[in-house]
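Okay, protein-v2.txt now, which holds compact mmCIF, C-alpha atoms:
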```
# COMPACT_ATOMS: atom_id res chain seq x y z
CA MET A 40 -19.82 -13.54 21.14
CA THR A 41 -17.97 -16.86 21.03
CA ALA A 42 -14.73 -15.13 20.08
CA ILE A 43 -15.14 -12.71 22.98
CA SER A 44 -15.67 -15.55 25.44
CA ARG A 45 -12.52 -17.22 24.21
CA VAL A 46 -10.56 -14.01 24.71
CA MET A 47 -11.80 -13.62 28.31
CA THR A 48 -11.12 -17.21 29.36
CA CYS A 49 -7.99 -18.13 27.40
CA ALA A 50 -4.44 -17.84 28.71
CA GLY A 51 -1.00 -18.76 27.55
CA ALA A 52 2.30 -18.19 25.88
CA LEU A 53 4.74 -20.18 23.78
CA CYS A 54 8.28 -21.00 24.92
CA LEU A 55 10.63 -18.04 24.64
CA LEU A 56 12.90 -18.05 21.62
CA ALA A 57 16.61 -17.63 22.18
CA GLY A 58 18.31 -14.67 20.58
CA PRO A 59 15.79 -11.76 20.29
CA ALA A 60 16.11 -8.74 22.55
CA LEU A 61 14.23 -9.27 25.80
CA ALA A 62 12.01 -6.74 27.51
CA ALA A 63 11.96 -6.18 31.27
CA ASP A 64 10.93 -9.15 33.37
CA GLY A 65 7.22 -9.87 33.25
CA VAL A 66 4.85 -12.29 34.94
CA LEU A 67 4.03 -15.76 33.67
CA LEU A 68 0.77 -17.37 34.84
CA VAL A 69 -0.05 -21.03 34.24
CA GLN A 70 -3.79 -21.62 34.42
CA LYS A 71 -6.20 -24.54 34.29
CA VAL A 72 -9.66 -23.92 32.83
CA THR A 73 -12.54 -26.38 33.16
CA THR A 74 -15.92 -25.92 31.48
CA ASP A 75 -18.99 -27.76 32.80
CA GLY A 76 -16.82 -30.29 34.65
CA GLY A 77 -15.17 -31.47 31.44
CA THR A 78 -11.52 -32.15 30.70
CA PRO A 79 -9.31 -29.34 32.07
CA VAL A 80 -7.36 -27.30 29.54
CA LYS A 81 -3.99 -25.78 30.46
CA HIS A 82 -3.32 -22.17 29.50
CA GLN A 83 -0.66 -19.57 30.13
CA ILE A 84 -0.64 -15.79 30.29
CA GLN A 85 2.37 -13.53 29.80
CA ILE A 86 1.99 -10.12 31.40
CA GLU A 87 4.13 -7.00 31.13
CA GLN A 88 3.45 -3.43 32.19
CA HIS A 89 1.62 -2.41 29.02
CA ARG A 90 0.98 -5.63 27.13
CA MET A 91 -0.39 -9.10 27.65
CA ARG A 92 -0.39 -12.33 25.64
CA ALA A 93 -2.74 -15.28 26.09
CA GLU A 94 -2.66 -18.55 24.17
CA THR A 95 -5.19 -21.34 23.98
CA ALA A 96 -3.80 -24.62 22.68
CA GLY A 97 -6.68 -26.63 21.22
CA ALA A 98 -6.59 -29.59 18.89
CA PRO A 99 -3.66 -29.81 16.44
CA GLY A 100 -3.77 -26.81 14.12
CA GLN A 101 -6.27 -24.94 16.31
CA THR A 102 -3.97 -22.90 18.54
CA MET A 103 -5.32 -19.37 19.12
CA VAL A 104 -3.31 -16.47 20.50
CA MET A 105 -4.56 -13.14 21.83
CA VAL A 106 -2.15 -10.20 22.26
CA PHE A 107 -3.35 -7.02 23.99
CA ASP A 108 -1.46 -3.73 23.68
CA GLY A 109 -2.56 -1.38 26.42
CA THR A 110 -0.56 1.54 25.03
CA HIS A 111 -2.40 1.54 21.71
CA ASP A 112 -5.69 -0.06 22.89
CA THR A 113 -5.56 -2.83 20.31
CA MET A 114 -5.81 -6.60 20.37
CA LEU A 115 -4.42 -9.13 17.91
CA THR A 116 -6.04 -12.52 17.38
CA ILE A 117 -3.54 -14.96 15.87
CA ASP A 118 -4.51 -18.28 14.28
CA ASP A 119 -1.37 -20.43 14.03
CA GLY A 120 -3.21 -23.15 12.15
CA LYS A 121 -4.29 -20.83 9.34
CA LYS A 122 -1.26 -18.55 9.69
CA THR A 123 -3.48 -15.49 9.85
CA TYR A 124 -4.15 -12.67 12.28
CA SER A 125 -6.73 -9.95 12.78
CA GLU A 126 -6.77 -6.75 14.79
CA ILE A 127 -9.45 -4.96 16.77
CA SER A 128 -9.30 -1.61 18.51
CA LYS A 129 -11.19 0.10 21.29
CA ALA A 130 -12.86 2.22 18.58
CA ASP A 131 -14.09 -0.98 16.89
CA LEU A 132 -15.68 -2.20 20.12
CA ASP A 133 -17.21 1.21 20.81
CA ALA A 134 -18.74 1.23 17.32
CA LEU A 135 -20.02 -2.32 17.69
CA SER A 136 -21.54 -1.47 21.06
CA GLY A 137 -23.33 1.51 19.52
CA GLN A 138 -24.76 -0.64 16.75
CA VAL A 139 -25.98 -3.25 19.21
CA SER A 140 -27.51 -0.61 21.49
CA SER A 141 -29.39 0.88 18.53
CA ALA A 142 -30.67 -2.54 17.49
CA MET A 143 -31.75 -3.33 21.04
CA SER A 144 -33.65 -0.05 21.27
CA GLN A 145 -35.51 -0.89 18.09
CA MET A 146 -36.30 -4.37 19.42
CA GLN A 147 -37.56 -2.88 22.66
CA GLU A 148 -40.03 -0.76 20.71
CA GLN A 149 -41.20 -3.84 18.79
CA LEU A 150 -41.60 -5.85 21.99
CA LYS A 151 -43.92 -3.22 23.43
CA ASN A 152 -46.51 -4.20 20.82
CA MET A 153 -46.21 -7.95 21.42
CA PRO A 154 -48.47 -10.02 23.68
CA PRO A 155 -46.96 -10.44 27.18
CA GLU A 156 -46.41 -14.20 26.71
CA GLN A 157 -44.50 -13.74 23.46
CA ARG A 158 -42.39 -10.95 24.93
CA ALA A 159 -41.54 -13.07 27.98
CA ARG A 160 -40.41 -15.95 25.73
CA ILE A 161 -38.10 -13.70 23.71
CA GLU A 162 -36.58 -12.09 26.81
CA ALA A 163 -36.05 -15.52 28.42
CA MET A 164 -34.35 -16.78 25.25
CA MET A 165 -31.98 -13.81 25.18
CA LYS A 166 -31.12 -14.21 28.84
CA GLY A 167 -30.41 -17.90 28.31
CA ARG A 168 -27.88 -17.00 25.63
CA GLY A 169 -26.08 -14.59 27.95
CA ALA A 170 -27.38 -11.43 26.29
CA ALA A 171 -29.10 -8.54 27.99
CA ALA A 172 -32.82 -8.24 27.45
CA PRO A 173 -33.89 -5.06 25.60
CA GLY A 174 -33.75 -2.16 28.02
CA ALA A 175 -31.61 -4.06 30.54
CA ALA A 176 -28.29 -2.91 29.09
CA ALA A 177 -28.80 0.64 30.21
CA ALA A 178 -29.22 -0.49 33.79
CA GLY A 179 -25.59 -1.66 33.89
CA ALA A 180 -26.15 -4.14 36.69
CA LYS A 181 -23.01 -4.41 38.82
CA THR A 182 -21.73 -7.59 40.42
CA GLU A 183 -21.71 -7.28 44.20
CA TYR A 184 -19.26 -9.47 46.14
CA LYS A 185 -19.40 -10.69 49.72
CA LYS A 186 -16.74 -12.59 51.62
CA VAL A 187 -17.99 -16.01 52.73
CA GLY A 188 -14.94 -17.70 54.27
CA THR A 189 -11.56 -19.15 53.33
CA ASP A 190 -10.31 -22.06 51.22
CA LYS A 191 -7.13 -23.43 49.68
CA VAL A 192 -6.06 -23.54 46.03
CA GLY A 193 -2.84 -25.43 45.42
CA THR A 194 -0.42 -24.23 48.08
CA TRP A 195 -2.24 -20.93 48.64
CA SER A 196 -4.72 -20.20 51.40
CA CYS A 197 -7.30 -17.83 49.94
CA ASP A 198 -10.34 -15.73 50.81
CA LYS A 199 -13.64 -16.89 49.31
CA TYR A 200 -16.10 -14.47 47.73
CA GLU A 201 -19.47 -14.89 46.10
CA GLY A 202 -20.59 -12.47 43.40
CA TYR A 203 -24.25 -11.61 42.88
CA ARG A 204 -26.00 -9.63 40.15
CA ASP A 205 -29.69 -8.79 40.43
CA GLY A 206 -29.92 -11.24 43.33
CA GLN A 207 -28.48 -14.15 41.35
CA LYS A 208 -25.11 -15.74 42.06
CA VAL A 209 -22.93 -15.37 38.97
CA GLN A 210 -19.42 -15.98 40.30
CA GLU A 211 -17.31 -17.49 43.07
CA LEU A 212 -13.76 -16.34 43.76
CA CYS A 213 -10.86 -17.31 45.98
CA THR A 214 -8.24 -14.57 46.26
CA VAL A 215 -4.80 -13.96 47.74
CA ASP A 216 -2.74 -10.85 48.36
CA PRO A 217 -0.41 -10.19 45.40
CA LYS A 218 2.51 -10.30 47.85
CA VAL A 219 1.75 -13.97 48.50
CA LEU A 220 2.55 -14.61 44.84
CA GLY A 221 5.69 -12.50 45.06
CA PHE A 222 4.31 -9.52 43.12
CA THR A 223 2.59 -6.19 43.60
CA ALA A 224 -0.57 -4.78 42.06
CA ALA A 225 1.62 -2.72 39.71
CA ASP A 226 2.79 -5.94 38.03
CA PHE A 227 -0.79 -6.53 36.86
CA ALA A 228 -1.64 -2.95 35.82
CA VAL A 229 -2.25 -4.00 32.20
CA THR A 230 -5.19 -6.15 33.30
CA ARG A 231 -7.06 -2.99 34.27
CA ASP A 232 -6.38 -1.63 30.78
CA LEU A 233 -7.77 -4.88 29.36
CA ALA A 234 -10.93 -4.57 31.45
CA ALA A 235 -11.40 -0.99 30.21
CA PHE A 236 -10.82 -2.16 26.64
CA PHE A 237 -13.73 -4.60 26.90
CA GLN A 238 -15.99 -2.22 28.82
CA PRO A 239 -18.27 -1.68 25.76
CA LEU A 240 -19.15 -5.38 25.90
CA GLN A 241 -21.01 -4.76 29.15
CA LYS A 242 -23.79 -3.28 27.03
CA MET A 243 -24.08 -6.49 25.03
CA MET A 244 -23.39 -9.10 27.72
CA PRO A 245 -23.57 -7.61 31.24
CA GLY A 246 -20.96 -9.10 33.53
CA GLY A 247 -18.76 -10.22 30.65
CA GLY A 248 -15.87 -8.27 32.05
CA SER A 249 -15.88 -10.41 35.17
CA GLN A 250 -14.54 -13.29 33.09
CA MET A 251 -11.18 -11.60 32.66
CA PHE A 252 -8.19 -11.89 34.92
CA THR A 253 -7.93 -8.46 36.52
CA ILE A 254 -6.60 -6.94 39.69
CA GLY A 255 -7.51 -3.67 41.30
CA SER A 256 -8.43 -2.15 44.64
CA ALA A 257 -11.31 -3.50 46.69
CA GLU A 258 -13.21 -0.32 45.83
CA GLN A 259 -12.70 -0.86 42.10
CA GLN A 260 -13.42 -4.56 41.80
CA GLY A 261 -15.54 -5.29 44.86
CA PHE A 262 -13.13 -7.80 46.43
CA SER A 263 -9.53 -7.80 47.64
CA GLY A 264 -6.55 -9.54 46.09
CA VAL A 265 -5.78 -11.67 43.05
CA PRO A 266 -8.19 -14.49 42.12
CA VAL A 267 -6.33 -17.81 42.16
CA ARG A 268 -9.63 -19.56 41.44
CA SER A 269 -12.69 -18.19 39.70
CA THR A 270 -15.93 -20.02 38.95
CA MET A 271 -18.40 -18.26 36.65
CA TYR A 272 -22.00 -19.18 35.91
CA ILE A 273 -22.85 -17.92 32.42
CA ALA A 274 -25.95 -18.86 30.42
CA GLY A 275 -26.27 -22.23 32.13
CA ARG A 276 -22.55 -23.00 31.84
CA THR A 277 -19.96 -23.28 34.61
CA ILE A 278 -16.40 -22.15 33.86
CA THR A 279 -13.71 -22.63 36.51
CA SER A 280 -10.23 -21.16 36.21
CA GLU A 281 -7.40 -21.95 38.63
CA ILE A 282 -3.89 -20.54 38.69
CA GLU A 283 -1.36 -23.34 39.10
CA GLU A 284 1.93 -21.48 38.77
CA VAL A 285 3.15 -17.90 38.88
CA LYS A 286 6.71 -16.73 38.21
CA ARG A 287 8.69 -13.80 36.87
CA GLN A 288 10.67 -14.06 33.65
CA PRO A 289 11.64 -12.00 30.57
CA PHE A 290 9.70 -12.27 27.30
CA ALA A 291 10.81 -11.81 23.70
CA ASP A 292 9.33 -8.73 22.02
CA SER A 293 8.37 -10.89 19.03
CA LEU A 294 5.82 -12.73 21.16
CA PHE A 295 3.70 -9.57 21.31
CA GLN A 296 3.69 -8.99 17.56
CA ALA A 297 1.97 -10.55 14.56
CA PRO A 298 4.22 -13.37 13.29
CA ALA A 299 6.19 -12.63 10.14
CA GLY A 300 4.58 -14.13 7.05
CA TYR A 301 1.08 -14.34 8.54
CA ALA A 302 -1.75 -12.78 6.49
CA LYS A 303 -3.94 -10.09 8.01
CA VAL A 304 -7.65 -10.91 7.73
CA GLU A 305 -10.82 -9.10 8.71
CA SER A 306 -11.80 -9.32 12.35
CA PRO A 307 -15.29 -10.65 13.18
CA PHE A 308 -15.80 -7.41 15.13
CA THR A 309 -15.27 -5.29 12.02
CA ALA A 310 -16.87 -7.55 9.40
CA GLY A 311 -18.77 -5.54 6.83
CA ARG A 312 -17.23 -2.23 7.91
CA GLY A 313 -14.23 -2.38 5.59
CA ARG A 314 -11.53 -2.15 8.27
CA GLY A 315 -9.89 -5.53 7.78
CA ARG A 316 -7.75 -6.44 4.80
CA LYS A 317 -6.05 -9.58 3.64
```
Show this structure as structure tokens.
Amino acid sequence: MTAISRVMTCAGALCLLAGPALAADGVLLVQKVTTDGGTPVKHQIQIEQHRMRAETAGAPGQTMVMVFDGTHDTMLTIDDGKKTYSEISKADLDALSGQVSSAMSQMQEQLKNMPPEQRARIEAMMKGRGAAAPGAAAAGAKTEYKKVGTDKVGTWSCDKYEGYRDGQKVQELCTVDPKVLGFTAADFAVTRDLAAFFQPLQKMMPGGGSQMFTIGSAEQQGFSGVPVRSTMYIAGRTITSEIEEVKRQPFADSLFQAPAGYAKVESPFTAGRGRGRK
């Protein structure tokens, strides 16, 4: 699940290269992500109508890039340090979710025969790691948001929300109307495709989808506007993301493709199922 967490919290894009044909203007987001009060990491996200690119620049040689294609429901993970890439599809995630659900059902049957104390320890351990306890996945607990006031992030005045799941606070948001950023909800349509792409993960880590940058109606997402700051509480960790800059600009098509000369390797999501190849 580490790779999934990185996908949901990373953001970014490299500088545009001169020369290649450019697609229609997209949206560039510059984001700051802080985990457990540590050193902030700068990210960027490039968004177009049907595709999205996010880059996480780590230590030298550890840059990771995620490219989502909403038209084909696929995601590339690119490792610039190793000059490799892998690909996952919605079908891969659906299959993985089915395998996990089957395993959890079997574990639930085994837990029924365990002493109450031992069962409680196992369920507490799974919850501490951010996984759903056996039987909990089917419940599909939904995060409920309530507006609690206003705040300011950078130059933007925003509406504060608190998100609760099963009575426990799991998220804080501060949102603005897309028009304040100079855009409309249509500019961020691909983020809804991304949320749907990762929907199977809800069965493995309920609430995981709330880590992604998405925008929808208040009825769909439970709050209004675009989050310019999001603080998540996951398995004892606190992850805060803040948008620092938003602007419109064109992107090179090559940025949404696997780099030439990179080797395709097996994705961790498909390991052992024979889908990846080098």
Original post:
Quick one, how far is CA of Phe107 in chain A from CA of Glu201 in chain A?
Top reply: 28.5 Å
Original post:
Residues at most 9 Å from Glu283 in chain A, counting only C-alpha atoms, excluding those fewer than 6 positions away in the same chain, as a ChimeraX atom specification?
Top reply: /A:68-71,192-193,267
Original post:
Which of these, A:Phe295, A:Trp195, A:Tyr301, A:Phe237, has the shortest distance to Lys218 in chain A once you count only C-alpha atoms?
Top reply: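 Selected residue with least distance to Lys218 in chain A: A:Trp195.
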**OP:** Find the residue from A:Gly76, A:Pro217, A:Pro307, A:Gly275 that sits nearest to Ser125 in chain A; use all atoms listed in the file when measuring.
**Re:** A:Pro307
Original post:
Which residue out of A:Met114, A:Leu67, A:Lys185, A:Asp119 has the minimum interatomic distance to Ile84 in chain A when only C-alpha atoms are used?
Top reply: A:Leu67
Subject >> For CA of Lys81 in chain A and CA of Ala93 in chain A, the interatomic separation in Å (one decimal) >> reply: 11.4 Å
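Taking CA of Thr214 in chain A and CA of Gln238 in chain A as endpoints, the distance between them is 22.7 Å.
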Subject >> Using only C-alpha atoms: which of A:Ala130, A:Val265, A:Ala159, A:Val139 has the shortest distance to His111 in chain A >> reply: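 Among A:Ala130, A:Val265, A:Ala159, A:Val139, it is A:Ala130 that comes nearest to His111 in chain A.
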**OP:** Counting only C-alpha atoms, find the residues whose atoms lie at most 7 Å from (-24.1, -7.6, 40.2) (file coordinates) and write them out as a ChimeraX atom specification.
**Re:** /A:180-183,202-205
Original post:
Counting all atoms listed in the file, which residues come within 10 Å of (-5.8, -0.9, 17.0), with the point read in the file's coordinates, and could you list them as a ChimeraX atom specification?
Top reply: /A:107-115,126-131
